[in-house]
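Notes to accompany the following structure.
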Amino acid sequence: MTIQGTSYLSKTVESLKPSGIRRFFDLASKMDNVISLGVGEPDFVTPWNVIEASYHSLEQGYTAYTANSGLLELRKEISHFLNKHYSLDYNPENQLIVTVGASQAIDLALRAILNPGEEVIVVEPGFVSYAPAVTLAGGNPITVHADAEKEFKVQAEQLEKAITPNTKAIILCSPNNPTGTVLNNEELGKIAAVVEKHDLIVISDEIYAELTYDESFTSFASIVEMEERTILISGFSKAFAMTGWRLGYAAGPVSIIEAMTKIHQYTMMCAPTMAQHGALEALRNGESSVQKMKRSYQQRRNFVVKALKEMGLDCHMPGGAFYVFPSIKKTGLTSETFAEKLLHEEKVAVVPGNVFGSSGEGYIRCSYATSLKQLDESMKRINRFINNI
Ligand code: PMP
């Protein structure tokens, strides 16, 4: 934007590229009869008891701000949940903050720890927000490419090679968006040794933790000595099908959570009160709904991976989240051209892998958070598309 030749925009903001996912949504939304495997959110509606708890809270007059760090009752429930599921021990008084989605928790974490020019290692293919969030917090994102041959599991040695005297933190995401890859206890242990050796902090995005299908999930913070170095990020969007409620949280060392709360207090005040009341119910009585949705995702995952393999596309079995990340290299098309042609010719929307970083080139992300019927039809269309190239 310029007025009389002068740009009034921040140079940092101007340097950011718009998200590549948006472009495909915009294209798909203008077409009829499109099956979308593009969106990164559950197709389920939030469990009814959660909706009810939220509107009852409004009826009871809970319409004011909560404490900056969120309802203490909710923080206690989150602490209990993290303890029960992942053997973590966080004091709800000063080691937890309720945020506007995991997105805000990531932003707060980065702003709380970074000085200008400090480096944060970001793994690609990875969630599109990390690198821009680092830049916006005044830091420098440094990319490490997870290898397809290793099922996109980033290796501790790769992370170590990227460390410089300016490195402050590493962002990890397991289960991963877009690859669905889950890092197990042993792999996290190796990364923890590097983190300890180089005195780093880990921002561990565990928003898909409840959606792991084959192995039990290990939280990075539960690895020996790592609790004091980890900012655990999670939220309600994925497992509880609550993306629109905008509710997440961070747990971590007291000093970091206090710093995050300071920023939050000046910029957001608190997360939405009615959503916090819904989340309370989700944690207290939502387990059976989560398990039901999880069983459904698992069935869909198995169906999609089998279908893609039968078409001759290489695809590892993702251990978590609700994405598959097949290779489309054998088609000879770039991931961008593949996604565009597939949308126009067969009306199936997928996300080209390159939007998740250059190592995603040659892959596409398909979300299986849609009905088996739609998945079946979309797989038929993709098969026809590939055979006609
Ligand atoms: N982290 C990852 C890995 C995600 O995929 C997403 C949502 N796509 C988020 C964070 C943000 O979640 P929220 O809705 O809680 O802001």
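Please note that chains go A, B, ... in the order of the structure tokens, that every chain numbers its residues from 1, and that ligands are numbered from 1 in the order shown.
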
Exercise answer, 6 Å around ligand 1 with only C-alpha atoms and all ligand atoms, as an mmCIF file with N, CA and C atoms, in the first residue's frame:
```
data_model
loop_
_atom_site.group_PDB
_atom_site.id
_atom_site.type_symbol
_atom_site.label_atom_id
_atom_site.label_comp_id
_atom_site.auth_asym_id
_atom_site.auth_seq_id
_atom_site.Cartn_x
_atom_site.Cartn_y
_atom_site.Cartn_z
ATOM 1 N N GLY A 40 -7.863 -28.197 6.716
ATOM 2 C CA GLY A 40 -7.187 -28.810 7.860
ATOM 3 C C GLY A 40 -8.054 -28.762 9.098
ATOM 4 N N GLY A 101 -6.807 -20.074 20.414
ATOM 5 C CA GLY A 101 -6.272 -21.108 19.533
ATOM 6 C C GLY A 101 -4.812 -21.407 19.856
ATOM 7 N N ALA A 102 -4.353 -22.556 19.341
ATOM 8 C CA ALA A 102 -2.924 -22.872 19.456
ATOM 9 C C ALA A 102 -2.132 -21.817 18.690
ATOM 10 N N SER A 103 -2.754 -21.235 17.676
ATOM 11 C CA SER A 103 -2.080 -20.209 16.873
ATOM 12 C C SER A 103 -1.552 -19.078 17.743
ATOM 13 N N PHE A 127 3.886 -26.974 9.236
ATOM 14 C CA PHE A 127 2.740 -26.070 9.329
ATOM 15 C C PHE A 127 3.137 -24.678 8.808
ATOM 16 N N ASN A 177 1.587 -31.779 10.774
ATOM 17 C CA ASN A 177 0.827 -31.242 9.653
ATOM 18 C C ASN A 177 1.879 -30.702 8.701
ATOM 19 N N ASP A 205 4.577 -28.362 19.314
ATOM 20 C CA ASP A 205 3.173 -28.226 18.907
ATOM 21 C C ASP A 205 2.541 -29.610 18.918
ATOM 22 N N ILE A 207 -0.813 -30.292 19.015
ATOM 23 C CA ILE A 207 -2.256 -30.106 18.850
ATOM 24 C C ILE A 207 -2.972 -31.361 18.327
ATOM 25 N N GLY A 235 -4.444 -27.529 22.057
ATOM 26 C CA GLY A 235 -5.715 -26.810 21.975
ATOM 27 C C GLY A 235 -6.876 -27.735 21.697
ATOM 28 N N SER A 237 -9.061 -27.365 18.955
ATOM 29 C CA SER A 237 -9.547 -27.342 17.568
ATOM 30 C C SER A 237 -9.686 -28.719 16.936
ATOM 31 N N THR A 243 -12.600 -25.985 15.918
ATOM 32 C CA THR A 243 -11.735 -24.977 15.267
ATOM 33 C C THR A 243 -12.287 -23.553 15.390
ATOM 34 N N ARG A 246 -11.886 -21.103 18.716
ATOM 35 C CA ARG A 246 -10.623 -20.414 18.916
ATOM 36 C C ARG A 246 -10.096 -20.569 20.344
ATOM 37 N N LEU A 247 -9.806 -21.780 20.683
ATOM 38 C CA LEU A 247 -9.315 -22.016 22.030
ATOM 39 C C LEU A 247 -8.119 -22.987 22.046
ATOM 40 N N GLY A 248 -7.040 -22.514 22.622
ATOM 41 C CA GLY A 248 -5.849 -23.346 22.765
ATOM 42 C C GLY A 248 -5.179 -23.062 24.087
#
```

ask   = Within 12 Å of Gly312 in chain A, counting only C-alpha atoms, which residues qualify if same-chain residues fewer than 5 places away don't, as a list in words?
value = Val305, Lys306, Ala307, Pro326, Ser327, Ile328, Lys329, Lys330, Thr331, Ile382, Asn383, Ile386 and Asn387 of chain A

Write a file of the just-selected residues containing N, CA and C atoms, as an mmCIF file, in the first residue's frame.
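Written file, again.cif:
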```cif
data_model
loop_
_atom_site.group_PDB
_atom_site.id
_atom_site.type_symbol
_atom_site.label_atom_id
_atom_site.label_comp_id
_atom_site.auth_asym_id
_atom_site.auth_seq_id
_atom_site.Cartn_x
_atom_site.Cartn_y
_atom_site.Cartn_z
ATOM 1 N N VAL A 305 -4.993 -44.544 2.395
ATOM 2 C CA VAL A 305 -3.622 -44.995 2.111
ATOM 3 C C VAL A 305 -3.666 -46.202 1.164
ATOM 4 N N LYS A 306 -4.598 -47.113 1.426
ATOM 5 C CA LYS A 306 -4.720 -48.302 0.566
ATOM 6 C C LYS A 306 -5.075 -47.873 -0.867
ATOM 7 N N ALA A 307 -6.040 -46.962 -0.982
ATOM 8 C CA ALA A 307 -6.474 -46.516 -2.318
ATOM 9 C C ALA A 307 -5.319 -45.842 -3.068
ATOM 10 N N PRO A 326 0.953 -38.168 -0.021
ATOM 11 C CA PRO A 326 1.518 -39.058 -1.041
ATOM 12 C C PRO A 326 2.435 -38.324 -2.025
ATOM 13 N N SER A 327 3.348 -39.093 -2.594
ATOM 14 C CA SER A 327 4.229 -38.561 -3.636
ATOM 15 C C SER A 327 3.473 -38.583 -4.962
ATOM 16 N N ILE A 328 3.589 -37.493 -5.711
ATOM 17 C CA ILE A 328 2.980 -37.494 -7.055
ATOM 18 C C ILE A 328 4.098 -37.370 -8.097
ATOM 19 N N LYS A 329 5.327 -37.708 -7.665
ATOM 20 C CA LYS A 329 6.489 -37.530 -8.553
ATOM 21 C C LYS A 329 6.359 -38.331 -9.835
ATOM 22 N N LYS A 330 5.745 -39.533 -9.718
ATOM 23 C CA LYS A 330 5.680 -40.397 -10.921
ATOM 24 C C LYS A 330 4.826 -39.774 -12.032
ATOM 25 N N THR A 331 4.007 -38.773 -11.700
ATOM 26 C CA THR A 331 3.182 -38.146 -12.740
ATOM 27 C C THR A 331 3.992 -37.139 -13.570
ATOM 28 N N ILE A 382 -9.240 -39.166 -8.476
ATOM 29 C CA ILE A 382 -7.770 -38.996 -8.550
ATOM 30 C C ILE A 382 -7.174 -40.093 -9.439
ATOM 31 N N ASN A 383 -7.698 -41.309 -9.287
ATOM 32 C CA ASN A 383 -7.218 -42.429 -10.095
ATOM 33 C C ASN A 383 -7.431 -42.146 -11.589
ATOM 34 N N ILE A 386 -5.003 -39.479 -12.817
ATOM 35 C CA ILE A 386 -3.632 -39.968 -13.021
ATOM 36 C C ILE A 386 -3.540 -40.798 -14.308
ATOM 37 N N ASN A 387 -4.566 -41.611 -14.531
ATOM 38 C CA ASN A 387 -4.545 -42.449 -15.742
ATOM 39 C C ASN A 387 -4.669 -41.644 -17.026
#
```

*asked:* Need the shell around range 182-192 of chain A: protein/DNA/RNA residues with any atom at most 9 Å away, counting only C-alpha atoms. Skip same-chain ones fewer than 5 positions apart. Format as a VMD selection string?
replied: chain A and resid 153 to 157 159 to 160 173 to 176 197 202 212 215 to 220 223 to 226 318 to 321

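One finds CA of Ser378 in chain A at 13.9 Å from CA of Val351 in chain A.
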
Worksheet item: A:Ser288, A:Thr99, A:Ser204, A:Thr63: which is nearest Ile121 in chain A, counting only C-alpha atoms?
Response: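 Under the stated criterion, the closest residue is A:Ser204.
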